[in-house]
file start_35.txt (compact mmCIF, C-alpha atoms)
# COMPACT_ATOMS: atom_id res chain seq x y z
CA MET A 1252 19.35 81.80 90.22
CA MET A 1253 22.63 79.87 89.97
CA LEU A 1254 21.03 76.61 91.17
CA ARG A 1255 18.13 77.08 88.77
CA SER A 1256 20.53 77.68 85.89
CA VAL A 1257 22.67 74.63 86.67
CA ALA A 1258 19.53 72.50 87.05
CA GLY A 1259 18.50 73.68 83.59
CA LEU A 1260 21.84 72.60 82.15
CA LEU A 1261 21.61 69.17 83.80
CA SER A 1262 17.96 68.76 82.87
CA PRO A 1263 17.07 70.75 79.74
CA ALA A 1264 13.72 70.48 78.02
CA GLY A 1265 13.12 67.66 75.57
CA PRO A 1266 14.84 64.31 75.05
CA ARG A 1267 17.79 65.16 77.35
CA ALA A 1268 15.50 66.04 80.24
CA LYS A 1269 15.72 64.31 83.60
CA LEU A 1270 12.93 63.82 86.09
CA SER A 1271 13.50 64.39 89.81
CA ILE A 1272 10.92 62.58 91.97
CA LEU A 1273 10.86 63.51 95.65
CA THR A 1274 9.55 61.18 98.32
CA PHE A 1275 7.86 62.20 101.57
CA HIS A 1276 5.88 60.29 104.18
CA ARG A 1277 4.50 62.75 106.71
CA VAL A 1278 4.22 66.47 107.37
CA LEU A 1279 4.08 67.01 111.12
CA ALA A 1280 2.18 69.76 112.90
CA GLN A 1281 5.32 70.31 114.98
CA PRO A 1282 8.81 68.75 115.18
CA ASP A 1283 8.98 65.26 116.67
CA PRO A 1284 12.25 64.26 118.39
CA LEU A 1285 11.58 60.60 117.58
CA LEU A 1286 11.14 61.43 113.87
CA PRO A 1287 13.80 64.07 113.21
CA ASP A 1288 13.88 63.45 109.46
CA GLU A 1289 10.16 64.10 108.97
CA PRO A 1290 9.42 67.75 108.09
CA ASP A 1291 7.02 69.83 110.11
CA VAL A 1292 4.74 72.35 108.41
CA ALA A 1293 7.28 75.18 108.57
CA ARG A 1294 10.02 73.10 106.98
CA PHE A 1295 7.73 71.59 104.32
CA ASP A 1296 6.55 75.09 103.41
CA GLU A 1297 10.19 76.12 103.04
CA GLU A 1298 11.02 73.11 100.87
CA LEU A 1299 8.08 73.86 98.57
CA ARG A 1300 9.35 77.43 98.19
CA TRP A 1301 12.76 76.10 97.17
CA LEU A 1302 11.24 73.67 94.69
CA ALA A 1303 9.07 76.40 93.18
CA ARG A 1304 12.19 78.52 92.69
CA TRP A 1305 14.28 75.84 91.00
CA PHE A 1306 11.97 73.24 89.42
CA GLN A 1307 8.74 72.78 87.50
CA VAL A 1308 6.54 70.42 89.52
CA LEU A 1309 4.25 68.17 87.47
CA PRO A 1310 1.71 65.43 88.22
CA LEU A 1311 3.38 62.03 88.14
CA ASP A 1312 1.30 60.51 85.35
CA GLU A 1313 1.95 63.49 83.08
CA ALA A 1314 5.65 63.54 83.95
CA ALA A 1315 6.04 59.79 83.29
CA ALA A 1316 4.28 60.05 79.92
CA ARG A 1317 6.28 63.09 78.83
CA LEU A 1318 9.52 61.46 79.97
CA GLN A 1319 8.87 58.53 77.65
CA ALA A 1320 7.86 60.89 74.82
CA GLY A 1321 10.97 63.06 75.25
CA SER A 1322 8.84 66.15 75.88
CA LEU A 1323 9.52 67.00 79.52
CA PRO A 1324 10.06 70.67 80.37
CA ALA A 1325 13.38 71.75 81.80
CA ARG A 1326 13.95 71.06 85.51
CA ALA A 1327 10.94 68.74 85.83
CA ALA A 1328 10.09 67.39 89.28
CA VAL A 1329 7.37 65.38 91.01
CA ILE A 1330 6.28 65.26 94.67
CA THR A 1331 5.14 61.94 96.17
CA PHE A 1332 3.95 60.76 99.57
CA ASP A 1333 3.95 57.15 100.78
CA ASP A 1334 1.72 55.14 103.13
CA GLY A 1335 -1.37 57.29 103.71
CA TYR A 1336 -0.84 59.27 106.91
CA ALA A 1337 -3.70 61.50 108.06
CA ASN A 1338 -1.37 64.48 108.19
CA ASN A 1339 -1.03 64.24 104.41
CA ALA A 1340 -4.58 65.62 104.28
CA THR A 1341 -4.51 67.89 107.32
CA GLN A 1342 -1.00 69.37 107.05
CA ALA A 1343 0.50 68.71 103.60
CA LEU A 1344 -2.53 69.42 101.40
CA PRO A 1345 -3.06 73.06 102.49
CA LEU A 1346 0.61 73.83 101.79
CA LEU A 1347 0.53 72.13 98.39
CA GLN A 1348 -2.53 74.20 97.55
CA LYS A 1349 -0.83 77.36 98.80
CA HIS A 1350 2.04 76.76 96.37
CA ALA A 1351 -0.25 75.43 93.59
CA MET A 1352 1.72 72.18 93.41
CA PRO A 1353 0.37 68.73 92.55
CA ALA A 1354 1.46 65.59 94.40
CA THR A 1355 0.84 61.85 94.26
CA PHE A 1356 -0.20 60.01 97.43
CA PHE A 1357 0.62 56.28 97.51
CA ILE A 1358 -1.71 54.70 100.04
CA ALA A 1359 -1.51 51.32 101.75
CA SER A 1360 -5.25 50.72 101.64
CA GLY A 1361 -5.45 48.17 104.44
CA PHE A 1362 -4.54 50.75 107.09
CA LEU A 1363 -7.22 53.31 106.26
CA ASN A 1364 -10.01 54.06 108.73
CA GLY A 1365 -8.28 53.29 112.00
CA GLY A 1366 -5.47 50.94 111.00
CA LEU A 1367 -1.83 51.24 111.97
CA MET A 1368 1.29 50.23 110.06
CA TRP A 1369 3.54 47.80 111.88
CA ASN A 1370 6.51 50.20 111.95
CA ASP A 1371 4.32 52.92 113.45
CA ALA A 1372 3.16 50.43 116.06
CA ILE A 1373 6.84 50.08 117.04
CA ILE A 1374 7.38 53.85 117.06
CA GLU A 1375 4.29 54.53 119.15
CA THR A 1376 5.10 51.67 121.51
CA VAL A 1377 8.56 53.07 122.16
CA ARG A 1378 7.10 56.57 122.48
CA GLY A 1379 4.43 55.55 124.96
CA CYS A 1380 6.39 53.05 127.06
CA ARG A 1381 6.90 54.29 130.62
CA GLN A 1382 9.29 51.52 131.59
CA PRO A 1383 12.99 52.47 131.92
CA GLN A 1384 13.89 49.42 129.83
CA LEU A 1385 11.86 47.56 127.21
CA ASP A 1386 12.77 43.93 127.77
CA LEU A 1387 11.82 41.84 124.73
CA SER A 1388 14.19 38.97 125.43
CA ALA A 1389 11.26 36.56 125.55
CA LEU A 1390 10.55 37.41 121.90
CA GLY A 1391 14.20 37.10 120.86
CA LEU A 1392 14.41 40.86 120.28
CA GLY A 1393 16.77 41.89 123.07
CA SER A 1394 16.41 44.51 125.76
CA TRP A 1395 16.34 48.24 125.04
CA PRO A 1396 17.00 51.11 127.49
CA LEU A 1397 14.57 54.03 127.13
CA GLY A 1398 16.11 56.64 129.39
CA SER A 1399 16.65 59.31 126.73
CA VAL A 1400 15.37 60.39 123.32
CA ALA A 1401 18.53 59.00 121.74
CA GLU A 1402 17.99 55.61 123.38
CA ARG A 1403 14.34 55.56 122.28
CA ARG A 1404 15.37 56.34 118.71
CA GLN A 1405 17.98 53.57 118.85
CA ALA A 1406 15.33 51.16 120.15
CA LEU A 1407 12.73 51.91 117.49
CA ASN A 1408 15.28 51.87 114.65
CA GLY A 1409 16.77 48.61 115.90
CA LEU A 1410 13.42 46.91 116.31
CA ILE A 1411 12.19 48.04 112.89
CA ALA A 1412 15.35 46.66 111.27
CA LYS A 1413 14.91 43.31 113.05
CA ILE A 1414 11.26 42.91 112.04
CA LYS A 1415 11.12 44.49 108.57
CA TYR A 1416 11.70 41.40 106.43
CA GLN A 1417 9.38 39.05 108.29
CA THR A 1418 6.05 38.14 106.71
CA PRO A 1419 3.07 40.44 107.39
CA PRO A 1420 1.38 37.96 109.79
CA GLU A 1421 4.64 37.51 111.72
CA ARG A 1422 5.14 41.28 111.92
CA LEU A 1423 1.60 41.89 113.16
CA ALA A 1424 1.90 39.21 115.82
CA LEU A 1425 5.23 40.58 117.04
CA VAL A 1426 4.17 44.23 117.25
CA ALA A 1427 1.07 43.25 119.21
CA GLN A 1428 3.19 41.28 121.67
CA ILE A 1429 5.67 44.17 121.97
CA ALA A 1430 2.87 46.65 122.73
CA ASP A 1431 1.48 44.29 125.36
CA LEU A 1432 4.86 43.90 127.05
CA ALA A 1433 5.34 47.69 126.96
CA GLU A 1434 1.84 48.22 128.38
CA VAL A 1435 1.01 50.72 125.62
CA ARG A 1436 -2.34 51.39 123.97
CA LEU A 1437 -1.73 52.09 120.30
CA PRO A 1438 -3.38 55.03 118.46
CA ASP A 1439 -6.05 54.58 115.79
CA ASP A 1440 -5.85 58.00 114.10
CA LEU A 1441 -2.44 58.10 112.40
CA MET A 1442 -3.69 56.99 108.99
CA MET A 1443 -6.21 58.62 106.69
CA ARG A 1444 -9.88 57.88 106.61
CA SER A 1445 -11.63 57.28 103.30
CA GLU A 1446 -13.08 60.79 103.24
CA GLN A 1447 -9.58 62.26 103.48
CA VAL A 1448 -8.50 60.21 100.47
CA ARG A 1449 -11.49 61.60 98.59
CA LEU A 1450 -10.54 65.10 99.78
CA LEU A 1451 -7.08 64.75 98.24
CA HIS A 1452 -8.57 63.45 95.00
CA ARG A 1453 -11.13 66.27 94.79
CA ALA A 1454 -8.31 68.77 95.36
CA GLY A 1455 -6.60 67.52 92.18
CA MET A 1456 -4.01 65.34 93.86
CA GLN A 1457 -3.24 61.92 92.42
CA ILE A 1458 -3.96 58.72 94.34
CA GLY A 1459 -1.65 55.75 93.84
CA ALA A 1460 -1.59 52.22 95.24
CA HIS A 1461 0.99 51.01 97.76
CA THR A 1462 -0.39 47.48 98.41
CA CYS A 1463 -2.91 46.64 101.14
CA SER A 1464 -0.66 45.68 104.06
CA HIS A 1465 2.71 47.15 102.97
CA PRO A 1466 4.58 43.84 102.67
CA ILE A 1467 7.98 43.47 101.05
CA LEU A 1468 6.74 42.00 97.77
CA ALA A 1469 9.87 39.90 97.31
CA THR A 1470 9.03 37.98 100.51
CA LEU A 1471 5.63 36.86 99.18
CA SER A 1472 4.52 34.20 96.75
CA ASP A 1473 3.53 35.49 93.31
CA ALA A 1474 -0.15 34.91 94.12
CA GLU A 1475 0.10 36.81 97.40
CA ALA A 1476 1.99 39.69 95.80
CA GLU A 1477 -0.48 40.04 92.96
CA ARG A 1478 -3.39 39.98 95.40
CA GLU A 1479 -1.78 42.77 97.44
CA ILE A 1480 -1.39 44.86 94.28
CA VAL A 1481 -4.78 44.39 92.68
CA ASP A 1482 -6.77 44.47 95.93
CA SER A 1483 -5.19 47.78 96.94
CA GLN A 1484 -5.91 49.20 93.49
CA ALA A 1485 -9.55 48.06 93.67
CA ALA A 1486 -10.06 49.44 97.20
CA LEU A 1487 -8.74 52.86 96.27
CA GLN A 1488 -10.71 52.96 93.04
CA ASP A 1489 -13.86 52.27 95.04
CA ILE A 1490 -13.05 55.15 97.40
CA ILE A 1491 -12.34 57.81 94.78
CA ALA A 1492 -14.57 56.42 91.97
CA ALA A 1493 -11.74 56.86 89.48
CA PRO A 1494 -8.92 54.74 88.01
CA VAL A 1495 -5.78 54.18 90.07
CA ARG A 1496 -2.83 53.62 87.73
CA LEU A 1497 0.22 54.67 89.74
CA PHE A 1498 2.11 52.44 92.20
CA ALA A 1499 4.92 52.62 94.75
CA TYR A 1500 6.82 49.47 95.77
CA PRO A 1501 6.94 49.07 99.57
CA ASN A 1502 10.50 49.69 100.74
CA GLY A 1503 11.30 49.85 97.04
CA ARG A 1504 14.88 48.66 96.54
CA PRO A 1505 15.32 47.05 93.10
CA GLY A 1506 16.23 43.37 93.23
CA LYS A 1507 15.81 43.16 97.01
CA ASP A 1508 12.30 44.40 97.74
CA TYR A 1509 10.73 43.79 94.34
CA HIS A 1510 11.56 41.87 91.17
CA ALA A 1511 10.75 42.02 87.46
CA SER A 1512 7.78 39.73 88.07
CA HIS A 1513 6.16 42.43 90.22
CA ALA A 1514 6.55 45.05 87.49
CA ALA A 1515 4.85 42.59 85.14
CA MET A 1516 1.95 42.28 87.59
CA LEU A 1517 1.53 46.06 87.52
CA ARG A 1518 1.40 46.10 83.74
CA ARG A 1519 -1.26 43.38 83.73
CA ALA A 1520 -3.32 45.34 86.25
CA GLY A 1521 -3.33 48.45 84.05
CA PHE A 1522 -0.86 50.62 85.94
CA VAL A 1523 1.07 53.12 83.81
CA ALA A 1524 4.00 53.94 86.12
CA ALA A 1525 5.62 52.84 89.37
CA VAL A 1526 8.28 54.29 91.64
CA SER A 1527 11.10 52.67 93.58
CA THR A 1528 13.36 54.10 96.28
CA ALA A 1529 16.53 53.91 94.20
CA MET A 1530 18.31 57.25 94.16
CA GLY A 1531 18.93 59.20 90.99
CA ALA A 1532 16.83 60.94 88.36
CA ALA A 1533 14.89 59.27 85.55
CA SER A 1534 15.76 59.96 81.93
CA LEU A 1535 14.55 59.03 78.47
CA GLY A 1536 14.72 55.23 78.31
CA SER A 1537 14.14 54.71 82.04
CA ASP A 1538 11.69 51.94 82.83
CA PRO A 1539 8.40 53.69 83.69
CA PHE A 1540 7.77 50.91 86.23
CA GLN A 1541 11.01 51.62 88.09
CA LEU A 1542 11.22 55.39 88.36
CA PRO A 1543 13.78 56.43 91.01
CA ARG A 1544 13.04 58.77 93.91
CA PHE A 1545 15.10 60.94 96.22
CA LYS A 1546 14.74 63.16 99.27
CA PRO A 1547 17.41 65.71 100.31
CA TRP A 1548 17.82 66.00 104.05
CA ASP A 1549 19.70 69.30 104.22
CA ARG A 1550 18.40 72.23 106.25
CA SER A 1551 19.74 75.14 104.19
CA ALA A 1552 18.54 76.15 100.73
CA PHE A 1553 22.06 76.05 99.26
CA LYS A 1554 22.90 72.54 100.52
CA TYR A 1555 19.43 71.24 99.67
CA GLY A 1556 19.81 72.58 96.14
CA LEU A 1557 23.30 71.16 95.76
CA ARG A 1558 22.06 67.73 96.76
CA MET A 1559 19.24 67.98 94.23
CA LEU A 1560 21.82 68.81 91.57
CA GLY A 1561 23.96 65.86 92.65
CA ASN A 1562 20.95 63.58 92.34
CA LEU A 1563 20.39 64.80 88.77
CA ARG A 1564 23.87 63.53 87.94
CA ALA A 1565 23.54 60.16 89.71
CA PRO A 1566 22.84 57.00 87.68
CA ALA A 1567 19.56 55.42 88.80
CA ALA A 1568 19.65 51.76 89.79
CA GLN A 1569 16.98 49.46 88.39
CA LEU A 1570 16.43 45.85 87.45
CA ALA A 1571 17.95 44.77 84.17
call {"tool": "encode", "arguments": {"input": "start_35.txt", "output": "structure tokens"}}
result
Amino acid sequence: MMLRSVAGLLSPAGPRAKLSILTFHRVLAQPDPLLPDEPDVARFDEELRWLARWFQVLPLDEAAARLQAGSLPARAAVITFDDGYANNATQALPLLQKHAMPATFFIASGFLNGGLMWNDAIIETVRGCRQPQLDLSALGLGSWPLGSVAERRQALNGLIAKIKYQTPPERLALVAQIADLAEVRLPDDLMMRSEQVRLLHRAGMQIGAHTCSHPILATLSDAEAEREIVDSQAALQDIIAAPVRLFAYPNGRPGKDYHASHAAMLRRAGFVAAVSTAMGAASLGSDPFQLPRFKPWDRSAFKYGLRMLGNLRAPAAQLA
């Protein structure tokens, strides 16, 4: 009750309210040593219980509109998922329904129906490689020992960091070459199929756009960036036969991964709100096209709650 009370003081109802937006990517059937920060079903269930105890979880479009109107309830929160992983439908949805909580799923439309994001291609390559050392010197990416879980995690994190800011065609070419050198066959079932997107929509969850190929928008020309935005919106609208008016910036750091010109593109396309990955909580006057998001990583209820309270107090970074 103490955490709930303090959250109410930091985020009362009305014009002084703050909006906490949580970001997730996957909910795993069981813990994965290569993805220690991704919750499995038991942990996600526990986190939803904590949120139900302390916060009022709203749909993102409603929360964004009420934030601007100064009519949010006390302790308002939103749950979001990025990218479009199949386990969002198979693992996360049943738990959200169990707790009667809405969520918004931001989907990179180009990876539906058998596609694979470039970073997951790296993860699955490192996971599946049976060589003691992944030698990528010929690609200018160094050589990575794979003798332990820790070394595999170091390899995948290092490779992702080296490749992240290259253009989408360059990234795709590199990850294909890396998989070939590692002698790994990549999976085709990590991302959702169209029917799973429709399942989420029919269940009352919100579907948002996350571009087609998950590029860093700031690395693209204006024409390329706008095409990524509007094509992803159109593809998802075709799938669910309903408007798609919510957006998440890939990577999402203000001024580095997206610029004011990209927010303007969203407005022109009819979006009503967009989320970044800047920490902090939104408040009255926050730009609805730069709403911050946060994800506590603590394992105990008390520490998780304290970090949520700290985030309510943090100023949210955004473009001027």
call {"tool": "closest_atom_pairs", "arguments": {"input": "start_35.txt", "of": "region 1312-1413 of chain A", "to": "region 1491-1515 of chain A", "cutoff": "8 Å", "atoms": "all atoms listed in the file", "output": "Markdown table"}}
result
| residue | atom | partner | partner_atom | distance |
| --- | --- | --- | --- | --- |
| A:Asp1312 | CA | A:Leu1497 | CA | 7.4 |
| A:Asp1333 | CA | A:Ala1499 | CA | 7.6 |
| A:Phe1357 | CA | A:Ala1499 | CA | 6.3 |
call {"tool": "atom_distance", "arguments": {"input": "start_35.txt", "atom1": "CA of Ala1314 (chain A)", "atom2": "CA of Pro1466 (chain A)"}}
result
27.2 Å
call {"tool": "residues_around", "arguments": {"input": "start_35.txt", "residues": "Leu1385 (chain A)", "least_positions_apart": "2", "cutoff": "9 Å", "atoms": "only C-alpha atoms", "output": "list of chain:residue names"}}
result
A:Val1377, A:Cys1380, A:Gln1382, A:Pro1383, A:Leu1387, A:Gly1393, A:Ser1394, A:Trp1395, A:Pro1396, A:Leu1397, A:Ala1406, A:Ile1429, A:Leu1432, A:Ala1433
call {"tool": "write_last_selection", "arguments": {"input": "start_35.txt", "atoms": "C-alpha atoms", "output": "compact mmCIF listing (two decimals), in the frame of the given file"}}
result
# COMPACT_ATOMS: atom_id res chain seq x y z
CA VAL A 1377 8.56 53.07 122.16
CA CYS A 1380 6.39 53.05 127.06
CA GLN A 1382 9.29 51.52 131.59
CA PRO A 1383 12.99 52.47 131.92
CA LEU A 1387 11.82 41.84 124.73
CA GLY A 1393 16.77 41.89 123.07
CA SER A 1394 16.41 44.51 125.76
CA TRP A 1395 16.34 48.24 125.04
CA PRO A 1396 17.00 51.11 127.49
CA LEU A 1397 14.57 54.03 127.13
CA ALA A 1406 15.33 51.16 120.15
CA ILE A 1429 5.67 44.17 121.97
CA LEU A 1432 4.86 43.90 127.05
CA ALA A 1433 5.34 47.69 126.96
call {"tool": "residues_around", "arguments": {"input": "start_35.txt", "residues": "region 1475-1486 of chain A", "least_positions_apart": "4", "cutoff": "8 Å", "atoms": "all atoms listed in the file", "output": "compact mmCIF listing (two decimals) with C-alpha atoms, keeping the file's coordinate frame"}}
result
# COMPACT_ATOMS: atom_id res chain seq x y z
CA ALA A 1359 -1.51 51.32 101.75
CA SER A 1360 -5.25 50.72 101.64
CA GLY A 1361 -5.45 48.17 104.44
CA GLY A 1459 -1.65 55.75 93.84
CA ALA A 1460 -1.59 52.22 95.24
CA HIS A 1461 0.99 51.01 97.76
CA THR A 1462 -0.39 47.48 98.41
CA CYS A 1463 -2.91 46.64 101.14
CA SER A 1464 -0.66 45.68 104.06
CA LEU A 1468 6.74 42.00 97.77
CA LEU A 1471 5.63 36.86 99.18
CA ILE A 1490 -13.05 55.15 97.40
CA VAL A 1495 -5.78 54.18 90.07
CA ARG A 1496 -2.83 53.62 87.73
CA HIS A 1513 6.16 42.43 90.22
CA MET A 1516 1.95 42.28 87.59
CA LEU A 1517 1.53 46.06 87.52
CA ALA A 1520 -3.32 45.34 86.25
call {"tool": "closest_residue", "arguments": {"input": "start_35.txt", "among": "A:Lys1415, A:His1276, A:Arg1326, A:Arg1564", "to": "Met1442 (chain A)", "atoms": "all atoms listed in the file"}}
result
A:His1276
call {"tool": "residues_near_point", "arguments": {"input": "start_35.txt", "point": "(1.1, 46.0, 122.0)", "cutoff": "12 Å", "atoms": "only C-alpha atoms", "output": "list in words"}}
result
Leu1367, Trp1369, Asp1371, Ala1372, Ile1373, Ile1374, Glu1375, Thr1376, Val1377, Gly1379, Cys1380, Leu1387, Arg1422, Leu1423, Ala1424, Leu1425, Val1426, Ala1427, Gln1428, Ile1429, Ala1430, Asp1431, Leu1432, Ala1433, Glu1434, Val1435, Arg1436, Leu1437 and Pro1438 of chain A
call {"tool": "atom_distance", "arguments": {"input": "start_35.txt", "atom1": "CA of Asp1288 (chain A)", "atom2": "CA of Val1526 (chain A)"}}
result
20.8 Å
call {"tool": "atom_distance", "arguments": {"input": "start_35.txt", "atom1": "CA of Glu1313 (chain A)", "atom2": "CA of Leu1557 (chain A)"}}
result
26.0 Å
call {"tool": "residues_around", "arguments": {"input": "start_35.txt", "residues": "region 1350-1355 of chain A", "least_positions_apart": "5", "cutoff": "12 Å", "atoms": "all atoms listed in the file", "output": "JSON, numbers by chain"}}
result
{"A": [1272, 1273, 1274, 1275, 1276, 1295, 1296, 1297, 1298, 1299, 1300, 1301, 1302, 1303, 1304, 1306, 1307, 1308, 1309, 1310, 1311, 1312, 1313, 1314, 1328, 1329, 1330, 1331, 1332, 1333, 1334, 1335, 1339, 1340, 1343, 1344, 1345, 1448, 1451, 1452, 1453, 1454, 1455, 1456, 1457, 1458, 1459, 1460, 1461, 1495, 1496, 1497, 1498, 1499, 1524, 1525, 1526]}
call {"tool": "build_atoms", "arguments": {"input": "start_35.txt", "residues": "region 1307-1331 of chain A", "atoms": "N, CA and C atoms", "output": "CSV table (one decimal), keeping the file's coordinate frame"}}
result
chain,number,residue,atom,x,y,z
A,1307,GLN,N,10.1,72.8,88.0
A,1307,GLN,CA,8.7,72.8,87.5
A,1307,GLN,C,8.1,71.5,88.0
A,1308,VAL,N,7.2,71.6,88.9
A,1308,VAL,CA,6.5,70.4,89.5
A,1308,VAL,C,5.3,70.0,88.7
A,1309,LEU,N,5.3,68.7,88.3
A,1309,LEU,CA,4.2,68.2,87.5
A,1309,LEU,C,3.5,67.0,88.2
A,1310,PRO,N,2.3,66.7,87.7
A,1310,PRO,CA,1.7,65.4,88.2
A,1310,PRO,C,2.5,64.2,87.7
A,1311,LEU,N,2.5,63.2,88.5
A,1311,LEU,CA,3.4,62.0,88.1
A,1311,LEU,C,3.0,61.4,86.8
A,1312,ASP,N,1.7,61.2,86.6
A,1312,ASP,CA,1.3,60.5,85.4
A,1312,ASP,C,1.7,61.3,84.1
A,1313,GLU,N,1.5,62.6,84.2
A,1313,GLU,CA,2.0,63.5,83.1
A,1313,GLU,C,3.5,63.5,82.9
A,1314,ALA,N,4.2,63.5,84.0
A,1314,ALA,CA,5.6,63.5,84.0
A,1314,ALA,C,6.2,62.2,83.4
A,1315,ALA,N,5.6,61.1,83.8
A,1315,ALA,CA,6.0,59.8,83.3
A,1315,ALA,C,5.8,59.7,81.8
A,1316,ALA,N,4.6,60.1,81.3
A,1316,ALA,CA,4.3,60.0,79.9
A,1316,ALA,C,5.2,61.0,79.1
A,1317,ARG,N,5.4,62.2,79.6
A,1317,ARG,CA,6.3,63.1,78.8
A,1317,ARG,C,7.8,62.7,78.9
A,1318,LEU,N,8.2,62.0,79.9
A,1318,LEU,CA,9.5,61.5,80.0
A,1318,LEU,C,9.7,60.4,78.8
A,1319,GLN,N,8.8,59.5,78.7
A,1319,GLN,CA,8.9,58.5,77.6
A,1319,GLN,C,8.8,59.1,76.3
A,1320,ALA,N,8.0,60.2,76.1
A,1320,ALA,CA,7.9,60.9,74.8
A,1320,ALA,C,9.0,61.8,74.5
A,1321,GLY,N,9.9,62.1,75.5
A,1321,GLY,CA,11.0,63.1,75.2
A,1321,GLY,C,10.5,64.5,75.2
A,1322,SER,N,9.4,64.8,75.9
A,1322,SER,CA,8.8,66.2,75.9
A,1322,SER,C,8.7,66.8,77.2
A,1323,LEU,N,9.5,66.4,78.2
A,1323,LEU,CA,9.5,67.0,79.5
A,1323,LEU,C,10.0,68.4,79.4
A,1324,PRO,N,9.5,69.3,80.3
A,1324,PRO,CA,10.1,70.7,80.4
A,1324,PRO,C,11.4,70.6,81.1
A,1325,ALA,N,12.1,71.7,81.0
A,1325,ALA,CA,13.4,71.8,81.8
A,1325,ALA,C,13.1,71.7,83.3
A,1326,ARG,N,14.0,71.1,84.0
A,1326,ARG,CA,14.0,71.1,85.5
A,1326,ARG,C,12.6,70.5,86.0
A,1327,ALA,N,12.2,69.4,85.4
A,1327,ALA,CA,10.9,68.7,85.8
A,1327,ALA,C,11.1,68.0,87.2
A,1328,ALA,N,10.1,68.1,88.0
A,1328,ALA,CA,10.1,67.4,89.3
A,1328,ALA,C,8.7,66.9,89.6
A,1329,VAL,N,8.6,65.9,90.5
A,1329,VAL,CA,7.4,65.4,91.0
A,1329,VAL,C,7.5,65.2,92.5
A,1330,ILE,N,6.4,65.5,93.2
A,1330,ILE,CA,6.3,65.3,94.7
A,1330,ILE,C,5.4,64.0,94.9
A,1331,THR,N,5.9,63.1,95.8
A,1331,THR,CA,5.1,61.9,96.2
A,1331,THR,C,5.1,61.8,97.7
